[in-house]
Amino acid sequence: MIDLHSHTNESDGTYSPAELVDAALKTGLEALAITDHDTFAGYDLAAPVAAERGLDLVCGVEVNSRMSHAEDGGERRWDVHLLGYFLHQPPSAAFRVWLLELLASRRQRNVTLARKLQFMGIDITLSEVEKLGRTLTGRPHFARVLVDKGYASSTDEAFRQYLGEEAPGFVHRDSPHTAVSIHQIEAGGGLPVLAHPIRLGIRDPQQEEEFISELRDAGLRGLEVYHSDHRPADVERYAALADKLKLAVTGGSDFHGAVKPNIHLGTGANGNLNVSGKVLADLRNRS
């Protein structure tokens with residue numbers, strides 16, 4: 001059993017890199033990918049620990065991107081999350097510099113978000129949120145402050161009332177176009193994969209296939225077939241789509257620790273995940 005999608009406290013998870021390695025070994029994982037948002041800080045810290053303890057640690061990253069299409073006289077926008085796996089070589093220096101630019105864009109969004117919440121009468125400062133965020137500060141860290149201060153009873157409620165896309169405090173982040181992000185991952189030595197495709201929210205299977213085909217034509221190389229959000233029918237559909245479009249198959253829990261307590265490393269939500277080591281072997285062969 002392996003897990004190719006996990007996060008440390010260097011992005012929006014709650015486990016330190018060393019704690020995540022320990023948890024992977026206790027769970028019995030053969031291999032683990034750390035895929036923090038916009039940073040390799042967690043992987044860099046975990047790599048020597050994993051090597052010492054005999055865990056096959058995969059270098060990865062998750063980046064946000066945006067797509068838009070004209071639709072019914074307007075424009076529909078999608079947040080598209082991409083996973084980049086660096087299976088045979090470390091990320092290039094140029095790619096790491098690009099990630100720093102993403103972090104700078106994220107911080108500018110956070111500045112605006114803090115001001116918007118303050119305007120709504122909420123006692124919050126960016127500095128106190130950043131104390132939780134370490135290398136990267138995101139909306140989950142804002143949510144933790146809102147819960148700690150009694151503005152919400154849970155992270156989910158904080159997103160519903162203040163931070164989510166339909167909430168009054170939401171602030172769009174200036175993310176790069178998906179095709180640009182795919183190119184950056186590949187140019188940096190990585191294999192670009194579409195993360196949790198179910199979250200695109202495209203209910204029509206034909207439209208979903210057309211959308212993913214467009215990403216494939218832009219350079220996408222893999223599809224996250226196995227994920228904690230995917231029901232058996234979703235897994236079956238995405239496996240067939242990956243085969244049809246000649247995309248690599250990947251899978252992981254999207255583990256965050258206490259932020260998402262119902263998601264367990266290796267086994268996902270209520271045991272709905274069991275990714276074979278063959279998936280990683282096929283990825284390495286393909287790349």
# chains A, B, ... in the order shown; residues from 1 in each chain; ligands from 1

$ select_by_dssp --residues "region 146-259 of chain A" --states "alpha helix (DSSP H)" --output "PyMOL selection string"
chain A and resi 146-148+155-158+178-187+205-217+232-244

$ residues_around --residues "Gly28 (chain A)" --least-positions-apart "4" --cutoff "10 Å" --atoms "only C-alpha atoms" --output "number ranges by chain"
A: 1-2, 22-24, 55, 265-266

$ write_last_selection --atoms "C-alpha atoms" --output "PDB file, in the first residue's frame"
ATOM      1  CA  MET A   1       0.000   0.000   0.000  1.00  0.00           C
ATOM      2  CA  ILE A   2       1.250   3.481  -0.909  1.00  0.00           C
ATOM      3  CA  ASP A  22       6.646   8.058  11.272  1.00  0.00           C
ATOM      4  CA  ALA A  23       2.907   7.840  10.579  1.00  0.00           C
ATOM      5  CA  ALA A  24       3.565   6.334   7.139  1.00  0.00           C
ATOM      6  CA  LEU A  55      10.740   4.734   3.638  1.00  0.00           C
ATOM      7  CA  LEU A 265      -3.053   8.199   5.694  1.00  0.00           C
ATOM      8  CA  GLY A 266      -3.037   5.328   3.227  1.00  0.00           C
TER       9      GLY A 266
END

$ residues_around --residues "Arg199 (chain A)" --least-positions-apart "6" --cutoff "9 Å" --atoms "only C-alpha atoms" --output "VMD selection string"
chain A and resid 79 to 80 229

$ write_last_selection --atoms "N, CA, C and O atoms" --output "PDB file, in the first residue's frame"
ATOM      1  N   ASP A  79     -11.109  26.131 -10.600  1.00  0.00           N
ATOM      2  CA  ASP A  79      -9.858  25.941  -9.878  1.00  0.00           C
ATOM      3  C   ASP A  79      -9.369  24.544 -10.211  1.00  0.00           C
ATOM      4  O   ASP A  79     -10.066  23.557  -9.935  1.00  0.00           O
ATOM      5  N   VAL A  80      -8.203  24.444 -10.795  1.00  0.00           N
ATOM      6  CA  VAL A  80      -7.644  23.153 -11.203  1.00  0.00           C
ATOM      7  C   VAL A  80      -6.375  22.903 -10.400  1.00  0.00           C
ATOM      8  O   VAL A  80      -5.402  23.646 -10.518  1.00  0.00           O
ATOM      9  N   ASP A 229     -12.024  11.445  -1.886  1.00  0.00           N
ATOM     10  CA  ASP A 229     -13.310  11.992  -2.306  1.00  0.00           C
ATOM     11  C   ASP A 229     -14.015  11.127  -3.353  1.00  0.00           C
ATOM     12  O   ASP A 229     -15.178  11.383  -3.680  1.00  0.00           O
TER      13      ASP A 229
END

$ residues_around --residues "Thr135 (chain A)" --least-positions-apart "3" --cutoff "9 Å" --atoms "only C-alpha atoms" --output "PyMOL selection string"
chain A and resi 9-11+39+41-42+103+130

$ residues_around --residues "region 105-111 of chain A" --least-positions-apart "3" --cutoff "7 Å" --atoms "only C-alpha atoms" --output "JSON, numbers by chain"
{"A": [101, 102, 114, 115, 126, 171, 173, 174]}

$ closest_residue --among "A:Arg216, A:Lys131, A:Lys116, A:Arg144" --to "Gly169 (chain A)" --atoms "only C-alpha atoms"
A:Lys116

$ residues_around --residues "Val63 (chain A)" --least-positions-apart "3" --cutoff "8 Å" --atoms "only C-alpha atoms" --output "list in words"
His37, Asp38, His81, Leu82, Leu83, Gly84 and Ser181 of chain A

$ closest_residue --among "A:Val180, A:Leu280, A:Leu223, A:Leu25" --to "Ala195 (chain A)" --atoms "only C-alpha atoms"
A:Leu223

$ closest_residue --among "A:Pro205, A:Pro192, A:Gly164, A:Gly268" --to "His5 (chain A)" --atoms "only C-alpha atoms"
A:Gly268

$ atom_distance --atom1 "CA of Asn274 (chain A)" --atom2 "CA of Glu19 (chain A)"
21.3 Å

$ closest_residue --among "A:Ala33, A:Ala248, A:Ile212, A:Ile198" --to "Arg231 (chain A)" --atoms "only C-alpha atoms"
A:Ile198

$ closest_residue --among "A:Ser287, A:Thr178, A:Leu146, A:Ala242" --to "Gln118 (chain A)" --atoms "only C-alpha atoms"
A:Leu146

$ closest_residue --among "A:Gly133, A:Ala94, A:Val259, A:His177" --to "Asp156 (chain A)" --atoms "only C-alpha atoms"
A:Val259

$ atom_distance --atom1 "CA of Phe255 (chain A)" --atom2 "CA of Ser228 (chain A)"
8.8 Å

$ atom_distance --atom1 "CA of Arg66 (chain A)" --atom2 "CA of Phe86 (chain A)"
22.3 Å

$ select_by_dssp --residues "region 13-248 of chain A" --states "strand (DSSP E)" --output "VMD selection string"
chain A and resid 31 to 34 56 to 71 74 to 86 191 to 194 222 to 227 248

$ write_last_selection --atoms "N, CA and C atoms" --output "tab-separated table (two decimals), in the first residue's frame"
chain	number	residue	atom	x	y	z
A	31	ALA	N	5.50	3.32	0.33
A	31	ALA	CA	6.00	4.57	-0.24
A	31	ALA	C	5.02	5.69	0.09
A	32	LEU	N	5.57	6.90	0.18
A	32	LEU	CA	4.78	8.09	0.49
A	32	LEU	C	5.26	9.24	-0.37
A	33	ALA	N	4.33	10.01	-0.92
A	33	ALA	CA	4.67	11.25	-1.60
A	33	ALA	C	4.20	12.42	-0.73
A	34	ILE	N	5.09	13.35	-0.48
A	34	ILE	CA	4.72	14.61	0.16
A	34	ILE	C	4.44	15.62	-0.94
A	56	ASP	N	10.38	4.76	1.24
A	56	ASP	CA	10.49	5.26	-0.13
A	56	ASP	C	9.69	6.57	-0.21
A	57	LEU	N	10.39	7.69	-0.20
A	57	LEU	CA	9.74	9.00	-0.18
A	57	LEU	C	9.81	9.63	-1.56
A	58	VAL	N	8.64	10.00	-2.09
A	58	VAL	CA	8.53	10.58	-3.42
A	58	VAL	C	8.42	12.10	-3.30
A	59	CYS	N	9.20	12.79	-4.11
A	59	CYS	CA	9.15	14.26	-4.13
A	59	CYS	C	7.97	14.72	-4.97
A	60	GLY	N	7.10	15.51	-4.35
A	60	GLY	CA	5.94	16.02	-5.07
A	60	GLY	C	5.57	17.42	-4.63
A	61	VAL	N	4.61	17.98	-5.31
A	61	VAL	CA	4.10	19.31	-4.99
A	61	VAL	C	2.69	19.42	-5.54
A	62	GLU	N	1.86	20.24	-4.91
A	62	GLU	CA	0.53	20.53	-5.43
A	62	GLU	C	0.43	22.03	-5.70
A	63	VAL	N	-0.02	22.37	-6.89
A	63	VAL	CA	-0.16	23.79	-7.24
A	63	VAL	C	-1.58	24.05	-7.74
A	64	ASN	N	-2.06	25.23	-7.45
A	64	ASN	CA	-3.38	25.64	-7.91
A	64	ASN	C	-3.25	26.39	-9.23
A	65	SER	N	-4.25	26.23	-10.08
A	65	SER	CA	-4.26	26.93	-11.36
A	65	SER	C	-5.70	27.24	-11.72
A	66	ARG	N	-5.89	27.99	-12.79
A	66	ARG	CA	-7.24	28.37	-13.20
A	66	ARG	C	-7.44	28.15	-14.69
A	67	MET	N	-8.68	27.73	-15.00
A	67	MET	CA	-9.13	27.60	-16.39
A	67	MET	C	-10.44	28.37	-16.51
A	68	SER	N	-10.73	28.84	-17.70
A	68	SER	CA	-12.01	29.50	-17.92
A	68	SER	C	-12.49	29.21	-19.33
A	69	HIS	N	-13.81	29.09	-19.48
A	69	HIS	CA	-14.44	28.88	-20.77
A	69	HIS	C	-15.64	29.80	-20.88
A	70	ALA	N	-15.89	30.28	-22.08
A	70	ALA	CA	-17.12	31.03	-22.33
A	70	ALA	C	-18.30	30.06	-22.23
A	71	GLU	N	-19.35	30.48	-21.54
A	71	GLU	CA	-20.48	29.59	-21.32
A	71	GLU	C	-21.75	30.40	-21.09
A	74	GLY	N	-21.59	34.06	-20.62
A	74	GLY	CA	-20.69	34.52	-19.57
A	74	GLY	C	-19.40	33.72	-19.59
A	75	GLU	N	-18.82	33.59	-18.43
A	75	GLU	CA	-17.56	32.86	-18.33
A	75	GLU	C	-17.61	31.96	-17.11
A	76	ARG	N	-17.25	30.70	-17.30
A	76	ARG	CA	-17.17	29.77	-16.18
A	76	ARG	C	-15.70	29.54	-15.86
A	77	ARG	N	-15.38	29.60	-14.57
A	77	ARG	CA	-13.99	29.44	-14.14
A	77	ARG	C	-13.86	28.19	-13.28
A	78	TRP	N	-12.73	27.53	-13.40
A	78	TRP	CA	-12.44	26.36	-12.60
A	78	TRP	C	-11.12	26.53	-11.85
A	79	ASP	N	-11.11	26.13	-10.60
A	79	ASP	CA	-9.86	25.94	-9.88
A	79	ASP	C	-9.37	24.54	-10.21
A	80	VAL	N	-8.20	24.44	-10.80
A	80	VAL	CA	-7.64	23.15	-11.20
A	80	VAL	C	-6.38	22.90	-10.40
A	81	HIS	N	-6.40	21.87	-9.56
A	81	HIS	CA	-5.23	21.53	-8.76
A	81	HIS	C	-4.40	20.49	-9.51
A	82	LEU	N	-3.12	20.76	-9.58
A	82	LEU	CA	-2.19	19.86	-10.26
A	82	LEU	C	-1.18	19.31	-9.26
A	83	LEU	N	-0.88	18.04	-9.40
A	83	LEU	CA	0.21	17.42	-8.66
A	83	LEU	C	1.41	17.28	-9.59
A	84	GLY	N	2.59	17.60	-9.09
A	84	GLY	CA	3.82	17.39	-9.84
A	84	GLY	C	4.67	16.37	-9.12
A	85	TYR	N	5.03	15.30	-9.80
A	85	TYR	CA	5.86	14.25	-9.19
A	85	TYR	C	7.24	14.26	-9.85
A	86	PHE	N	8.27	14.32	-9.00
A	86	PHE	CA	9.64	14.34	-9.47
A	86	PHE	C	10.25	12.99	-9.11
A	191	LEU	N	6.33	15.23	-13.50
A	191	LEU	CA	5.23	14.64	-14.24
A	191	LEU	C	3.94	15.29	-13.76
A	192	PRO	N	3.25	16.07	-14.61
A	192	PRO	CA	2.04	16.80	-14.19
A	192	PRO	C	0.80	15.92	-14.19
A	193	VAL	N	0.07	15.95	-13.09
A	193	VAL	CA	-1.10	15.10	-12.87
A	193	VAL	C	-2.27	15.95	-12.40
A	194	LEU	N	-3.47	15.64	-12.88
A	194	LEU	CA	-4.67	16.32	-12.40
A	194	LEU	C	-5.09	15.72	-11.07
A	222	GLY	N	-0.96	12.65	-16.23
A	222	GLY	CA	-1.54	11.68	-15.32
A	222	GLY	C	-2.85	12.15	-14.71
A	223	LEU	N	-3.59	11.20	-14.12
A	223	LEU	CA	-4.90	11.48	-13.52
A	223	LEU	C	-4.96	10.79	-12.16
A	224	GLU	N	-5.34	11.55	-11.13
A	224	GLU	CA	-5.47	10.98	-9.79
A	224	GLU	C	-6.79	10.20	-9.73
A	225	VAL	N	-6.70	8.92	-10.03
A	225	VAL	CA	-7.87	8.05	-10.08
A	225	VAL	C	-8.37	7.73	-8.67
A	226	TYR	N	-7.44	7.43	-7.78
A	226	TYR	CA	-7.78	7.04	-6.41
A	226	TYR	C	-7.61	8.24	-5.48
A	227	HIS	N	-8.69	8.59	-4.77
A	227	HIS	CA	-8.66	9.74	-3.87
A	227	HIS	C	-9.75	9.56	-2.83
A	248	ALA	N	-1.25	8.46	-17.08
A	248	ALA	CA	-0.80	7.65	-15.95
A	248	ALA	C	-1.84	7.70	-14.85

$ residues_around --residues "Ser92 (chain A)" --least-positions-apart "6" --cutoff "9 Å" --atoms "only C-alpha atoms" --output "NGL selection string"
:A and (187-189)
